[in-house]
Each structure stands twice: as C-alpha cells, then as structure tokens.
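Before any comments, here is the structure.
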Amino acid sequence: MRAIVAEKYGPPEVLEVQNVPKPTPGNGEVLVKVEAASVNPLDIQTRRGDYTEYIAAPFKMGVDVSGTVEAVGDGVDSLAVGDEVFYSTRVLSNEGGYAEYHVEQAQLIAKKPEGLSFVDAASLPIAASTAWVCLIERGRLKAGDRVLIHGASGGVGLFAVQIARLTGADVVATSRQEVQDLVRSLGAYKTVDYRDADAWEQLSAHSGGGYDVVIDLVGGDTIEKSLSLLATGGRVVSIVDQPKAQGLYDGWGFNAEIHLVFLTPSAERLARLGNLTARGLLKPLVEQTLPLEQAAEAHRLIEAGGRTGKIVLVTS
Ligand SMILES: NC(=O)c1ccc[n+]([C@@H]2O[C@H](COP(=O)([O-])OP(=O)(O)OC[C@H]3O[C@@H](n4cnc5c(N)ncnc54)[C@H](OP(=O)(O)O)[C@@H]3O)[C@@H](O)[C@H]2O)c1
C-alpha cells in the first residue's frame, strides 16, 4: 500500500511516498481503508521532531482518519466489515493515518453518520473533540455564560465558536481582521483583532463584568493576561504548551480555575460531534483537499500560515 513515511525528522521534504506492507488488525483492532486524513499542527510538530522521546524515526503521521472497515480482528463486536468510520488515532504513535490502510483499536473508532462526507468527517476528530473538551467538559459552559475564545480562526477555534454558540453562551473571539466576518457568522457576537495594540483593552471592555470561560488556543502569556478578565469562579482552559512561566496572581481574587488539556480521544464524544455535524448544527471548514502524495505540500501550506480551515489528504 501507499503510505507517507518520514525516515527522519525535518522539513516537509522528509515526507516520502513509500510502498509498505498492508497492516493486519490484531486483537481488538480493525483495518480501515482510509479515504481521508486531515492535517493537524500535531503532525507538523511530530515531523519537525518535537516528540522524539515518544516517536522514533521512521514514522507515519496523521491523527485524523475517515474510511471504511475492511477487516476486523478478534474480539471486535462494535464494528463490521463495510462500516464507514472516523476517528483520532492513538496520538504520539509511529503508525499514523497518512496511508491507504490503517489499523486502529476499535474502541477509538466512531461510525460515520450517513450524510457526512469522508472529507468532512476527517476534519472533525482532533479539532472538534478538543473544542468540546475545553468548553463543555472542562469549561462547563452553559447558556447565558460569556466565553472568550483566543485563536478562533484555527482548526480548533472554528469548532469552538460554533459549539459555544450551540450552548447558548455569548461568544467573544480573537482572530485576524480578515476572517472576522466568518468567525461572526459562526456565532461570535464580538471579534477583536489580536494584532490591535489595544486588543486586551477591547476584550476587557466586552467582558460584561467578566468571562465565565476563557479558551486559550494560542499560548504565550494568554493565561496570565486572561485571568484578570474572569468573572468570579471563572475558568481558563488552555491546550497549548506553556514553555514560559505565567503569573497566576490575578486569578486569586476570582477563585479562578486553570485547566490544561491534552486531548484523550473518545469514540463516544466523536459520535456525538458527528451527529451534530450531520444535523447541520456544526459546520466543518475544509479549505483544501490534496492527494495523499502531496502531504509535504500540505505541511508547507500550513506552515506558511494565513489559512482558515483544514487541509485534508484524500487517497483517491
Ligand atoms: N492539547 C491538545 O490536546 C491539543 C489539541 C489540538 C490542538 N492543540 C494545539 O493547539 C494549537 C491550536 O490548534 P489548531 O488546530 O487550532 O491550530 P491552527 O489551525 O494552526 O490555528 C491556530 C490559529 O491561531 C491563530 N493565532 C495565532 N496567534 C494568535 C493570537 N495571538 N491570537 C489569536 N489567534 C492567533 C492563527 O491565526 P493566523 O492565521 O492569524 O496566524 C490560527 O488561525 C496548536 O498549537 C495545536 O498543536 C493541542
């Protein structure tokens, strides 16, 4: 089968198309004929060598997959040959989904709703699941709350705005000016360009007495600066590495909670998100599809920045 393999860490050029043996499902696993695999920042970080302690070269990357079950291993009764599925692979593994076939644990795999395309389904797992965990599971967002989403124009952020709006919360979001119409159309009532010199003053002015939940999808000093914008009992939820020490003092007065999220994939959560999407309540934003062979080009496009929506690799 064709697969994208990196023999070493490095720039996009390390991604090679190789012919490799088709994998076989073991106990509790299924073999999926991959239709689509979306590209995430995690893939870029893996390729350039941010996770060398977990993944040794050579490796295949790709954590978001959709396709059709072609074979099932022993002990699998939740899935059958022919089922259309989508899932997040085990993260930080050597066997990613940029390939014609992929083997995964059945317990991580959700059935794809009819009416949801393979491309849209592949755009959901990591991005929509992370947004859900931040807002609902950690943020405990509810109707009438006020939520601030930093980084609303990215893969996670575009789902976060939509999920937050679905709960009935009032959404304030940061993004560059060029995509603010889109972010508002998805549910933000106020957008602020993070490049404005007075961006934080604007966010404070729209806090309406304090945000119940702040979602940090960008890092830097976002946690530290967001603490002073919270309502009493407010939550700051961050998904990004925090290489720099953050001052937390401003959170004391608000009895603030700070949550650091590293996504644990769940087929049940993903199935719920798939159903919301199939019902038209969530809208995947896929900017471009490319053939599997152009994985390196997909990485280059993402690294060049200034994009809105996912890039999805397709196998046929
Ligand atoms: N912990 C976890 O489990 C987990 C899960 C998923 C993702 N992540 C991480 O979370 C981050 C976001 O993921 P993603 O998939 O949404 O990435 P993405 O698609 O690359 O989006 C990042 C977005 O952030 C915007 N941005 C950059 N600086 C900003 C700032 N100062 N203020 C507001 N927006 C800013 C970018 O917009 P511009 O185009 O204007 O630069 C871009 O739209 C990545 O680092 C990813 O690795 C972590």
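Following the order of the structure tokens, first chain is A, next is B, and so on, with residues numbered from 1 inside each chain and ligands from 1 in the order they appear.
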Cut-off 9 Å: closest chain A/ligand 1 atom pairs per residue, using only C-alpha atoms and all ligand atoms, as CSV:
```
residue,atom,partner,partner_atom_place_in_ligand_line,distance
A:Val39,CA,ligand 1,15 (O),8.8
A:Asn40,CA,ligand 1,15 (O),5.7
A:Pro41,CA,ligand 1,47 (O),4.6
A:Leu42,CA,ligand 1,47 (O),4.9
A:Asp43,CA,ligand 1,47 (O),8.4
A:Ile44,CA,ligand 1,47 (O),8.5
A:Gln45,CA,ligand 1,47 (O),7.3
A:Ile126,CA,ligand 1,6 (C),5.9
A:Ala127,CA,ligand 1,6 (C),5.7
A:Ala128,CA,ligand 1,6 (C),8.8
A:Ser129,CA,ligand 1,5 (C),8.3
A:Thr130,CA,ligand 1,5 (C),5.4
A:Ala131,CA,ligand 1,6 (C),8.2
A:Ile149,CA,ligand 1,33 (C),8.4
A:His150,CA,ligand 1,33 (C),4.9
A:Gly151,CA,ligand 1,34 (N),3.3
A:Ala152,CA,ligand 1,34 (N),6.2
A:Ser153,CA,ligand 1,43 (O),4.0
A:Gly154,CA,ligand 1,21 (O),3.1
A:Gly155,CA,ligand 1,19 (O),3.8
A:Val156,CA,ligand 1,16 (O),3.8
A:Gly157,CA,ligand 1,16 (O),5.4
A:Leu158,CA,ligand 1,16 (O),7.7
A:Phe159,CA,ligand 1,16 (O),8.9
A:Ala173,CA,ligand 1,33 (C),8.2
A:Thr174,CA,ligand 1,33 (C),5.0
A:Ser175,CA,ligand 1,34 (N),4.8
A:Arg176,CA,ligand 1,40 (O),4.8
A:Gln177,CA,ligand 1,40 (O),8.4
A:Glu178,CA,ligand 1,40 (O),8.6
A:Val179,CA,ligand 1,40 (O),8.5
A:Val192,CA,ligand 1,33 (C),8.8
A:Asp193,CA,ligand 1,33 (C),7.6
A:Tyr194,CA,ligand 1,32 (N),4.8
A:Arg195,CA,ligand 1,31 (N),7.2
A:Asp216,CA,ligand 1,10 (O),8.4
A:Leu217,CA,ligand 1,12 (C),5.0
A:Val218,CA,ligand 1,29 (C),5.3
A:Gly219,CA,ligand 1,31 (N),7.6
A:Gly220,CA,ligand 1,31 (N),7.8
A:Thr222,CA,ligand 1,31 (N),8.1
A:Ser238,CA,ligand 1,1 (N),7.5
A:Ile239,CA,ligand 1,1 (N),3.8
A:Val240,CA,ligand 1,10 (O),5.1
A:Asp241,CA,ligand 1,45 (O),7.5
A:Leu260,CA,ligand 1,1 (N),7.5
A:Val261,CA,ligand 1,1 (N),5.0
A:Phe262,CA,ligand 1,3 (O),3.5
A:Leu263,CA,ligand 1,3 (O),3.7
A:Thr264,CA,ligand 1,3 (O),7.3
A:Ile302,CA,ligand 1,20 (O),7.2
A:Glu303,CA,ligand 1,20 (O),8.4
A:Gly305,CA,ligand 1,39 (O),5.5
A:Gly306,CA,ligand 1,39 (O),3.9
A:Arg307,CA,ligand 1,39 (O),5.5
A:Thr308,CA,ligand 1,43 (O),6.2
A:Gly309,CA,ligand 1,19 (O),7.0
A:Lys310,CA,ligand 1,19 (O),7.0
```
Let's see if you can do this: from backbone DSSP, list all strand (DSSP E or B) residues in stretch 233-302 of chain A, as a PyMOL selection string. chain A and resi 233-238+257-260+286-291
Write out as a PDB file with N, CA and C atoms, in the first residue's frame the residues lying within 12 Å of A:Leu230, counting only C-alpha atoms and excluding same-chain residues fewer than 2 positions away.
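Contents of around_0.pdb, as written:
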```
ATOM      1  N   ASP A 145     -23.756  32.079  29.725  1.00  0.00           N
ATOM      2  CA  ASP A 145     -22.370  32.382  30.105  1.00  0.00           C
ATOM      3  C   ASP A 145     -21.733  33.262  29.035  1.00  0.00           C
ATOM      4  N   ARG A 146     -20.658  33.907  29.449  1.00  0.00           N
ATOM      5  CA  ARG A 146     -19.871  34.692  28.490  1.00  0.00           C
ATOM      6  C   ARG A 146     -18.527  33.987  28.314  1.00  0.00           C
ATOM      7  N   VAL A 147     -18.161  33.699  27.069  1.00  0.00           N
ATOM      8  CA  VAL A 147     -16.920  32.962  26.806  1.00  0.00           C
ATOM      9  C   VAL A 147     -16.037  33.754  25.853  1.00  0.00           C
ATOM     10  N   LEU A 148     -14.741  33.735  26.134  1.00  0.00           N
ATOM     11  CA  LEU A 148     -13.743  34.371  25.264  1.00  0.00           C
ATOM     12  C   LEU A 148     -12.889  33.274  24.646  1.00  0.00           C
ATOM     13  N   LEU A 203     -10.962  43.531  24.731  1.00  0.00           N
ATOM     14  CA  LEU A 203     -11.510  42.288  25.326  1.00  0.00           C
ATOM     15  C   LEU A 203     -12.065  42.564  26.720  1.00  0.00           C
ATOM     16  N   SER A 204     -11.387  43.435  27.442  1.00  0.00           N
ATOM     17  CA  SER A 204     -11.861  43.798  28.783  1.00  0.00           C
ATOM     18  C   SER A 204     -13.190  44.548  28.669  1.00  0.00           C
ATOM     19  N   HIS A 206     -15.465  44.272  26.536  1.00  0.00           N
ATOM     20  CA  HIS A 206     -16.577  43.401  26.128  1.00  0.00           C
ATOM     21  C   HIS A 206     -16.805  42.243  27.090  1.00  0.00           C
ATOM     22  N   SER A 207     -16.134  42.286  28.240  1.00  0.00           N
ATOM     23  CA  SER A 207     -16.249  41.141  29.156  1.00  0.00           C
ATOM     24  C   SER A 207     -17.545  41.171  29.953  1.00  0.00           C
ATOM     25  N   GLY A 208     -18.225  42.302  29.943  1.00  0.00           N
ATOM     26  CA  GLY A 208     -19.529  42.397  30.617  1.00  0.00           C
ATOM     27  C   GLY A 208     -19.448  42.006  32.084  1.00  0.00           C
ATOM     28  N   GLY A 209     -18.398  42.427  32.743  1.00  0.00           N
ATOM     29  CA  GLY A 209     -18.272  42.085  34.171  1.00  0.00           C
ATOM     30  C   GLY A 209     -17.461  40.835  34.390  1.00  0.00           C
ATOM     31  N   GLY A 210     -16.984  40.229  33.327  1.00  0.00           N
ATOM     32  CA  GLY A 210     -16.076  39.077  33.486  1.00  0.00           C
ATOM     33  C   GLY A 210     -16.527  37.879  32.667  1.00  0.00           C
ATOM     34  N   TYR A 211     -15.549  37.187  32.072  1.00  0.00           N
ATOM     35  CA  TYR A 211     -15.841  35.974  31.289  1.00  0.00           C
ATOM     36  C   TYR A 211     -15.956  34.770  32.227  1.00  0.00           C
ATOM     37  N   ASP A 212     -16.955  33.954  31.984  1.00  0.00           N
ATOM     38  CA  ASP A 212     -17.102  32.718  32.758  1.00  0.00           C
ATOM     39  C   ASP A 212     -16.065  31.695  32.322  1.00  0.00           C
ATOM     40  N   VAL A 213     -15.753  31.715  31.029  1.00  0.00           N
ATOM     41  CA  VAL A 213     -14.781  30.756  30.489  1.00  0.00           C
ATOM     42  C   VAL A 213     -13.895  31.480  29.464  1.00  0.00           C
ATOM     43  N   VAL A 214     -12.591  31.248  29.541  1.00  0.00           N
ATOM     44  CA  VAL A 214     -11.657  31.745  28.523  1.00  0.00           C
ATOM     45  C   VAL A 214     -10.930  30.538  27.952  1.00  0.00           C
ATOM     46  N   ILE A 215     -10.916  30.427  26.631  1.00  0.00           N
ATOM     47  CA  ILE A 215     -10.244  29.311  25.966  1.00  0.00           C
ATOM     48  C   ILE A 215      -8.973  29.833  25.306  1.00  0.00           C
ATOM     49  N   ILE A 223      -2.701  32.923  29.258  1.00  0.00           N
ATOM     50  CA  ILE A 223      -3.314  32.545  30.546  1.00  0.00           C
ATOM     51  C   ILE A 223      -3.176  33.706  31.526  1.00  0.00           C
ATOM     52  N   GLU A 224      -1.961  34.195  31.647  1.00  0.00           N
ATOM     53  CA  GLU A 224      -1.692  35.259  32.634  1.00  0.00           C
ATOM     54  C   GLU A 224      -2.580  36.477  32.372  1.00  0.00           C
ATOM     55  N   LYS A 225      -2.659  36.889  31.113  1.00  0.00           N
ATOM     56  CA  LYS A 225      -3.421  38.109  30.808  1.00  0.00           C
ATOM     57  C   LYS A 225      -4.922  37.877  30.911  1.00  0.00           C
ATOM     58  N   SER A 226      -5.358  36.638  30.716  1.00  0.00           N
ATOM     59  CA  SER A 226      -6.804  36.370  30.729  1.00  0.00           C
ATOM     60  C   SER A 226      -7.363  36.315  32.142  1.00  0.00           C
ATOM     61  N   LEU A 227      -6.514  36.003  33.122  1.00  0.00           N
ATOM     62  CA  LEU A 227      -7.023  35.810  34.491  1.00  0.00           C
ATOM     63  C   LEU A 227      -7.740  37.058  35.008  1.00  0.00           C
ATOM     64  N   SER A 228      -7.229  38.224  34.632  1.00  0.00           N
ATOM     65  CA  SER A 228      -7.836  39.450  35.162  1.00  0.00           C
ATOM     66  C   SER A 228      -9.165  39.777  34.469  1.00  0.00           C
ATOM     67  N   THR A 232     -16.138  35.910  38.693  1.00  0.00           N
ATOM     68  CA  THR A 232     -15.869  35.099  39.880  1.00  0.00           C
ATOM     69  C   THR A 232     -16.144  33.626  39.577  1.00  0.00           C
ATOM     70  N   GLY A 233     -15.185  32.771  39.916  1.00  0.00           N
ATOM     71  CA  GLY A 233     -15.333  31.331  39.633  1.00  0.00           C
ATOM     72  C   GLY A 233     -15.050  30.978  38.181  1.00  0.00           C
ATOM     73  N   GLY A 234     -14.495  31.918  37.432  1.00  0.00           N
ATOM     74  CA  GLY A 234     -14.258  31.681  36.004  1.00  0.00           C
ATOM     75  C   GLY A 234     -13.158  30.660  35.750  1.00  0.00           C
ATOM     76  N   ARG A 235     -13.193  30.076  34.529  1.00  0.00           N
ATOM     77  CA  ARG A 235     -12.235  29.032  34.145  1.00  0.00           C
ATOM     78  C   ARG A 235     -11.411  29.494  32.939  1.00  0.00           C
ATOM     79  N   VAL A 236     -10.097  29.305  33.011  1.00  0.00           N
ATOM     80  CA  VAL A 236      -9.232  29.467  31.831  1.00  0.00           C
ATOM     81  C   VAL A 236      -8.802  28.074  31.417  1.00  0.00           C
ATOM     82  N   VAL A 237      -9.053  27.722  30.147  1.00  0.00           N
ATOM     83  CA  VAL A 237      -8.721  26.385  29.657  1.00  0.00           C
ATOM     84  C   VAL A 237      -7.734  26.539  28.506  1.00  0.00           C
ATOM     85  N   ASP A 250      -3.389  37.193  39.490  1.00  0.00           N
ATOM     86  CA  ASP A 250      -4.683  37.841  39.209  1.00  0.00           C
ATOM     87  C   ASP A 250      -5.863  36.883  39.334  1.00  0.00           C
ATOM     88  N   GLY A 251      -5.605  35.588  39.326  1.00  0.00           N
ATOM     89  CA  GLY A 251      -6.705  34.631  39.416  1.00  0.00           C
ATOM     90  C   GLY A 251      -7.250  34.445  40.827  1.00  0.00           C
ATOM     91  N   TRP A 252      -6.436  34.789  41.843  1.00  0.00           N
ATOM     92  CA  TRP A 252      -6.860  34.531  43.235  1.00  0.00           C
ATOM     93  C   TRP A 252      -8.194  35.201  43.543  1.00  0.00           C
ATOM     94  N   GLY A 253      -8.260  36.475  43.220  1.00  0.00           N
ATOM     95  CA  GLY A 253      -9.434  37.271  43.586  1.00  0.00           C
ATOM     96  C   GLY A 253     -10.724  36.755  42.970  1.00  0.00           C
ATOM     97  N   PHE A 254     -10.600  35.962  41.912  1.00  0.00           N
ATOM     98  CA  PHE A 254     -11.807  35.445  41.225  1.00  0.00           C
ATOM     99  C   PHE A 254     -12.078  33.979  41.549  1.00  0.00           C
ATOM    100  N   ASN A 255     -11.302  33.403  42.470  1.00  0.00           N
ATOM    101  CA  ASN A 255     -11.410  31.954  42.699  1.00  0.00           C
ATOM    102  C   ASN A 255     -11.312  31.206  41.371  1.00  0.00           C
ATOM    103  N   ALA A 256     -10.339  31.600  40.574  1.00  0.00           N
ATOM    104  CA  ALA A 256     -10.236  31.086  39.198  1.00  0.00           C
ATOM    105  C   ALA A 256      -9.819  29.614  39.161  1.00  0.00           C
ATOM    106  N   GLU A 257     -10.225  28.951  38.098  1.00  0.00           N
ATOM    107  CA  GLU A 257      -9.723  27.604  37.797  1.00  0.00           C
ATOM    108  C   GLU A 257      -8.885  27.693  36.524  1.00  0.00           C
ATOM    109  N   ILE A 258      -7.759  26.977  36.522  1.00  0.00           N
ATOM    110  CA  ILE A 258      -6.944  26.901  35.302  1.00  0.00           C
ATOM    111  C   ILE A 258      -6.877  25.434  34.893  1.00  0.00           C
TER     112      ILE A 258
END
```
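The shortest atom-to-atom distance to A:Pro125, with only C-alpha atoms taken into account, belongs to A:Asp64 out of A:Asp221, A:Asp64, A:Glu35, A:Asp196.
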Distance of atom CA of A:Glu268 from atom CA of A:Tyr101, expressed in Å to one decimal place: 22.9 Å
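You can rank A:Leu15, A:Leu79, A:Val161, A:Val32 by their closest distance to A:Tyr189 using only C-alpha atoms, and at the top of that list sits A:Val161.
Of note, atom CA of A:Ser117 and atom CA of A:Thr89 are spaced 18.8 Å apart.
In this structure, atom CA of A:Pro11 sits 10.8 Å away from atom CA of A:Thr46.
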Using only C-alpha atoms for the distances, tell me which of A:Val72, A:Leu141, A:Val65, A:Ala99 is nearest to A:Arg165. A:Leu141
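Nearest to A:Gly73 of all the residues A:Ser316, A:Gln105, A:Thr191, A:Gln180 is A:Gln105, counting only C-alpha atoms.
Among the candidates A:Lys112, A:Arg140, A:Lys60, A:Lys244, the residue lying nearest to A:Asn94 is A:Lys60 (atoms considered: only C-alpha atoms).
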According to DSSP computed on the backbone, where in stretch 158-223 of chain A is there alpha helix (DSSP H)? Give the residues as JSON, numbers by chain. {"A": [158, 159, 160, 161, 162, 163, 164, 165, 166, 167, 180, 181, 182, 183, 184, 185, 199, 200, 201, 202, 203, 204, 205, 222, 223]}
I'd like the neighbourhood of A:Phe118 as a PyMOL selection string, where a residue qualifies if any of its atoms comes within 12 Å (using only C-alpha atoms), though same-chain residues fewer than 2 positions away should be ignored. chain A and resi 33-38+64-68+84-87+111-116+120-125+274+278+284+286+289+312-316
